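Student: Take a look at the following structure, please.
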Amino acid sequence: MKKFFVSMLLVLFISLLGLSSVCSAQQAWLTETERARFETLRIVGSEALFNLDYETARKSFKEMAVAFPKYPAGPQFLADSLWIETLYQTRRLQSSLYGDDDTFYSTSDDKADPATVEKFRDLTRQARQLAEARLKQYPRDVEALYFLGAIEGLKASFEEAVERRHFAALKDGSDAVDRHREVIKLDPTYHDAEITIGLYDFTVGSLPLPVKLFAGIAGFRGSKKRGLATLERVTKEGHWIRDEARTLLIVLYAREKRFAEAAAYAKELAAKYPRNYLYRLEAADALVSQAALERAENKSTTTTAENEAFATFDSLLKDKAVRDTAARAFDLIHFKYGEALMTAGLYDRAAKEFLAAAEVPGAQQGLATMAHLYAARALDLAGKRNDAMSQYRAVLARPNVYDAHDQAQSGLKEAFKKKLT
């Protein structure tokens with residue numbers, strides 16, 4: 001259950017950054033002059049978030065909140081940037097890091113910071129109250145309904161990926177979809193609202209059968225096929241959030257083993273947002289997975305996709321811009337490179353990358369622990385049992401994260417063996 005939600009709902013935030021201008025019969029929420037200023041601030045803040053520049057994003061959204069105190073965008077976008085930065089700091093924006101290995105899940109690790117939770121709730125409360133006040137005055141206001149749905153969706157994302165409240169996230173996600181379906185009924189051209197509907201459709205449609213049956217009884221229903229089709233439509237017909245829909249599809253295509261399509265979108269967005277190294281990592285991950293499929297089909301030892309992935313990792317490690325703006329990212333880059341090499345059967349090289357991840361100055365402690373564990377496994381697979389045991393002991397000497405100590409104890413008792421697929 002948790003594995004499913006982390007890979008799906010961690011990216012729900014991207015349905016919140018776009019806001020279409022709405023023409024309606026009632027008095028406009030913002031004048032044309034105000035709308036122009038709002039758009040300038042929104043674009044600056046949105047592009048900053050895509051480029052992992054949280055300080056610039058916050059500055060833009062704070063200015064927005066002051067300039068338009070009766071408009072919910074300011075507090076909502078501030079809540080959005082707060083939660084995205086929280087995910088980034090805990091490495092949950094790199095979806096593949098948490099998508100494949102059950103050992104990365106725990107009921108006790110990565111507890112939410114109470115101050116962050118309280119600040120997030122305060123901001124979303126402010127945004128909701130402003131949207132509700134508008135609806136009391138204009139009950140069929142499409143923009144206000146869109147905001148309410150976006151706020152519920154943001155709450156669902158936060159509840160899942162930060163607070164780990166899985167069914168609360170499902171409920172708020174459902175409420176978000178209901179609001180955005182109302183938007184589409186009132187204005188069928190408001191395609192930005194469809195991103196929430198498409199993600200929810202895919203999410204519920206992907207639930208394991210026992211959970212899906214329970215969800216169906218509770219009134220939650222979805223379809224993976226319909227959800228993907230909706231999101232693909234948003235990439236073509238959405239107003240402001242085409243890139244957000246593409247970002248979602250990177251994750252969902254990878255889940256559906258459509259790795260070539262995932263890599264294509266990741267490379268496209270990496271070129272558009274060059275300071276966001278995560279897109280390049282996502283592209284490399286998808287290429288590695290595509291190479292594994294090709295290797296299984298063709299029985300070849302290397303593939304073009306794999307070579308491109310390795311070149312991507314090498315370029316990231318040499319990239320001065322990444323070093324200047326995200327130096328702490330190098331532990332993650334080395335770790336993911338190690339995983340790619342391990343998948344390719346290059347165990348000695350993989351072990352070196354894992355150890356390099358652990359040795360990066362300021363490396364995240366949890367990731368460093370897992371890097372030692374994975375280095376041990378790679379060394380076992382390379383036939384270097386003594387070196388592997390040394391790394392298992394290094395894991396035990398570090399603070400436990402997830403079930404790393406249990407895995408290390410198992411590794412000391414018996415050499416790690418590659419799982420047959």
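Each chain in the structure tokens gets a letter, A, B and so on, in the order shown; residues start at 1 in every chain, and ligands are counted from 1 in the order they appear.
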If you count only C-alpha atoms, which residues fall within 12 Å of region 27-39 of chain A, apart from same-chain ones fewer than 5 positions away, as an MDAnalysis selection string?

Tutor: chainID A and resid 17:22 44:47 60:74 130:131 133:135 137:138 141:144 240

Student: Name the residues in contact with Lys417 (chain A) at a cut-off of 10 Å, using only C-alpha atoms, excluding same-chain residues fewer than 6 positions from it; report them as JSON, numbers by chain.

Tutor: {"A": [377, 378, 380, 381, 411]}

Student: Emit the selected residues as an mmCIF file, in the first residue's frame, including all heavy atoms.

Tutor:
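Full text of part02.cif as output:
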data_model
loop_
_atom_site.group_PDB
_atom_site.id
_atom_site.type_symbol
_atom_site.label_atom_id
_atom_site.label_comp_id
_atom_site.auth_asym_id
_atom_site.auth_seq_id
_atom_site.Cartn_x
_atom_site.Cartn_y
_atom_site.Cartn_z
ATOM 1 N N ARG A 377 26.423 -5.564 -1.170
ATOM 2 C CA ARG A 377 25.741 -6.482 -2.080
ATOM 3 C C ARG A 377 26.476 -6.586 -3.420
ATOM 4 O O ARG A 377 26.629 -7.680 -3.988
ATOM 5 C CB ARG A 377 24.304 -6.009 -2.322
ATOM 6 C CG ARG A 377 23.409 -6.135 -1.091
ATOM 7 C CD ARG A 377 22.035 -5.536 -1.361
ATOM 8 N NE ARG A 377 21.115 -5.794 -0.267
ATOM 9 C CZ ARG A 377 19.867 -5.360 -0.229
ATOM 10 N NH1 ARG A 377 19.391 -4.616 -1.226
ATOM 11 N NH2 ARG A 377 19.087 -5.651 0.800
ATOM 12 N N ALA A 378 26.921 -5.434 -3.930
ATOM 13 C CA ALA A 378 27.654 -5.451 -5.194
ATOM 14 C C ALA A 378 28.950 -6.250 -5.063
ATOM 15 O O ALA A 378 29.321 -7.005 -5.969
ATOM 16 C CB ALA A 378 27.946 -4.017 -5.635
ATOM 17 N N ASP A 380 29.498 -8.670 -2.942
ATOM 18 C CA ASP A 380 29.127 -10.083 -2.890
ATOM 19 C C ASP A 380 28.931 -10.635 -4.294
ATOM 20 O O ASP A 380 29.411 -11.726 -4.635
ATOM 21 C CB ASP A 380 27.834 -10.261 -2.076
ATOM 22 C CG ASP A 380 28.097 -10.725 -0.647
ATOM 23 O OD1 ASP A 380 29.200 -11.262 -0.388
ATOM 24 O OD2 ASP A 380 27.200 -10.564 0.197
ATOM 25 N N LEU A 381 28.225 -9.899 -5.113
ATOM 26 C CA LEU A 381 27.959 -10.361 -6.476
ATOM 27 C C LEU A 381 29.238 -10.402 -7.313
ATOM 28 O O LEU A 381 29.338 -11.185 -8.273
ATOM 29 C CB LEU A 381 26.924 -9.450 -7.141
ATOM 30 C CG LEU A 381 25.506 -9.535 -6.544
ATOM 31 C CD1 LEU A 381 24.618 -8.434 -7.099
ATOM 32 C CD2 LEU A 381 24.889 -10.908 -6.837
ATOM 33 N N GLY A 411 23.260 -10.302 5.402
ATOM 34 C CA GLY A 411 24.413 -10.354 4.515
ATOM 35 C C GLY A 411 25.634 -10.969 5.161
ATOM 36 O O GLY A 411 26.439 -11.638 4.493
#

Student: List as a list of chain:residue names the protein and nucleic acid residues near region 303-318 of chain A, meaning an atom at most 6 Å away when only C-alpha atoms are counted, but skip any in the same chain fewer than 2 places from it.

Tutor: A:Ala284, A:Leu287, A:Val288, A:Ala291

Student: Output C-alpha atoms of each residue in that selection to a file, as an mmCIF file, in the first residue's frame.

Tutor:
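Generated output (result.cif):
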data_model
loop_
_atom_site.group_PDB
_atom_site.id
_atom_site.type_symbol
_atom_site.label_atom_id
_atom_site.label_comp_id
_atom_site.auth_asym_id
_atom_site.auth_seq_id
_atom_site.Cartn_x
_atom_site.Cartn_y
_atom_site.Cartn_z
ATOM 1 C CA ALA A 284 19.015 7.900 -16.859
ATOM 2 C CA LEU A 287 17.203 4.392 -19.964
ATOM 3 C CA VAL A 288 18.687 1.791 -17.603
ATOM 4 C CA ALA A 291 18.290 -1.353 -21.514
#

Student: Between A:Tyr54, A:Phe202, A:Phe77, A:Phe354, which is the closest to Gln126 (chain A) once you count only C-alpha atoms?

Tutor: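 Residue with the minimum atom-to-atom distance to Gln126 (chain A): A:Phe77.
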
Student: In Å, rounded to a single decimal, give me how far CA of Ala388 (chain A) is from CA of Tyr374 (chain A).

Tutor: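 For CA of Tyr374 (chain A) relative to CA of Ala388 (chain A), the distance reads 9.4 Å.
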
Student: Could you check how far CA of Ala376 (chain A) sits from CA of Ser390 (chain A), in Å to one decimal?

Tutor: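 Atom-to-atom, CA of Ala376 (chain A) and CA of Ser390 (chain A) are spaced 7.7 Å apart.
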
Student: Excluding Ala382 (chain A) and residues on its chain fewer than 5 positions from it, collect all residues at most 9 Å away from it, counting only C-alpha atoms, and give them as a list in words.

Tutor: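 Counting only the stated atoms, we get Gly345, Leu346, Tyr347, Asp348 and Arg377 of chain A.
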
Student: How would the residues just chosen look if you wrote them out with all heavy atoms as a PDB file, in the first residue's frame?

Tutor:
ATOM      1  N   GLY A 345      25.192  -5.502 -14.350  1.00  0.00           N
ATOM      2  CA  GLY A 345      26.109  -6.578 -13.992  1.00  0.00           C
ATOM      3  C   GLY A 345      27.544  -6.148 -13.821  1.00  0.00           C
ATOM      4  O   GLY A 345      28.450  -6.993 -13.737  1.00  0.00           O
ATOM      5  N   LEU A 346      27.781  -4.840 -13.730  1.00  0.00           N
ATOM      6  CA  LEU A 346      29.140  -4.314 -13.557  1.00  0.00           C
ATOM      7  C   LEU A 346      29.355  -4.051 -12.062  1.00  0.00           C
ATOM      8  O   LEU A 346      29.355  -2.913 -11.591  1.00  0.00           O
ATOM      9  CB  LEU A 346      29.308  -3.039 -14.384  1.00  0.00           C
ATOM     10  CG  LEU A 346      29.040  -3.208 -15.887  1.00  0.00           C
ATOM     11  CD1 LEU A 346      29.062  -1.862 -16.605  1.00  0.00           C
ATOM     12  CD2 LEU A 346      30.066  -4.157 -16.505  1.00  0.00           C
ATOM     13  N   TYR A 347      29.552  -5.116 -11.320  1.00  0.00           N
ATOM     14  CA  TYR A 347      29.480  -5.052  -9.859  1.00  0.00           C
ATOM     15  C   TYR A 347      30.645  -4.306  -9.215  1.00  0.00           C
ATOM     16  O   TYR A 347      30.452  -3.580  -8.235  1.00  0.00           O
ATOM     17  CB  TYR A 347      29.357  -6.468  -9.293  1.00  0.00           C
ATOM     18  CG  TYR A 347      28.180  -7.212  -9.845  1.00  0.00           C
ATOM     19  CD1 TYR A 347      28.337  -8.440 -10.502  1.00  0.00           C
ATOM     20  CD2 TYR A 347      26.895  -6.686  -9.747  1.00  0.00           C
ATOM     21  CE1 TYR A 347      27.249  -9.126 -11.031  1.00  0.00           C
ATOM     22  CE2 TYR A 347      25.795  -7.366 -10.263  1.00  0.00           C
ATOM     23  CZ  TYR A 347      25.986  -8.576 -10.910  1.00  0.00           C
ATOM     24  OH  TYR A 347      24.909  -9.247 -11.434  1.00  0.00           O
ATOM     25  N   ASP A 348      31.857  -4.472  -9.734  1.00  0.00           N
ATOM     26  CA  ASP A 348      32.994  -3.743  -9.171  1.00  0.00           C
ATOM     27  C   ASP A 348      32.800  -2.239  -9.300  1.00  0.00           C
ATOM     28  O   ASP A 348      33.015  -1.480  -8.350  1.00  0.00           O
ATOM     29  CB  ASP A 348      34.288  -4.164  -9.863  1.00  0.00           C
ATOM     30  CG  ASP A 348      34.852  -5.456  -9.293  1.00  0.00           C
ATOM     31  OD1 ASP A 348      34.834  -5.594  -8.053  1.00  0.00           O
ATOM     32  OD2 ASP A 348      35.285  -6.318 -10.073  1.00  0.00           O
ATOM     33  N   ARG A 377      26.423  -5.564  -1.170  1.00  0.00           N
ATOM     34  CA  ARG A 377      25.741  -6.482  -2.080  1.00  0.00           C
ATOM     35  C   ARG A 377      26.476  -6.586  -3.420  1.00  0.00           C
ATOM     36  O   ARG A 377      26.629  -7.680  -3.988  1.00  0.00           O
ATOM     37  CB  ARG A 377      24.304  -6.009  -2.322  1.00  0.00           C
ATOM     38  CG  ARG A 377      23.409  -6.135  -1.091  1.00  0.00           C
ATOM     39  CD  ARG A 377      22.035  -5.536  -1.361  1.00  0.00           C
ATOM     40  NE  ARG A 377      21.115  -5.794  -0.267  1.00  0.00           N
ATOM     41  CZ  ARG A 377      19.867  -5.360  -0.229  1.00  0.00           C
ATOM     42  NH1 ARG A 377      19.391  -4.616  -1.226  1.00  0.00           N
ATOM     43  NH2 ARG A 377      19.087  -5.651   0.800  1.00  0.00           N
TER      44      ARG A 377
END

Student: Between CA of Asp406 (chain A) and CA of Tyr392 (chain A), what is the spacing in Å?

Tutor: 10.2 Å

Student: Restricting the calculation to only C-alpha atoms: of A:Gln407, A:Thr247, A:Leu207, A:Leu199, which residue gets closest to Gly227 (chain A)?

Tutor: A:Leu199

Student: Give me the residues near Ala356 (chain A) as a VMD selection string, where near means some atom within 12 Å (using only C-alpha atoms) and where sequence neighbours in that chain fewer than 5 positions away do not count.

Tutor: chain A and resid 317 330 to 338 349 to 351 361 363 367 to 368 371 to 372 374 to 375

Student: Please identify all polymer residues within 12 Å of Asp53 (chain A), counting only C-alpha atoms, omitting same-chain residues fewer than 4 positions from it, and present them as number ranges by chain.

Tutor: A: 44-49, 57-60, 81-82, 84-85, 88, 273-277, 325-326
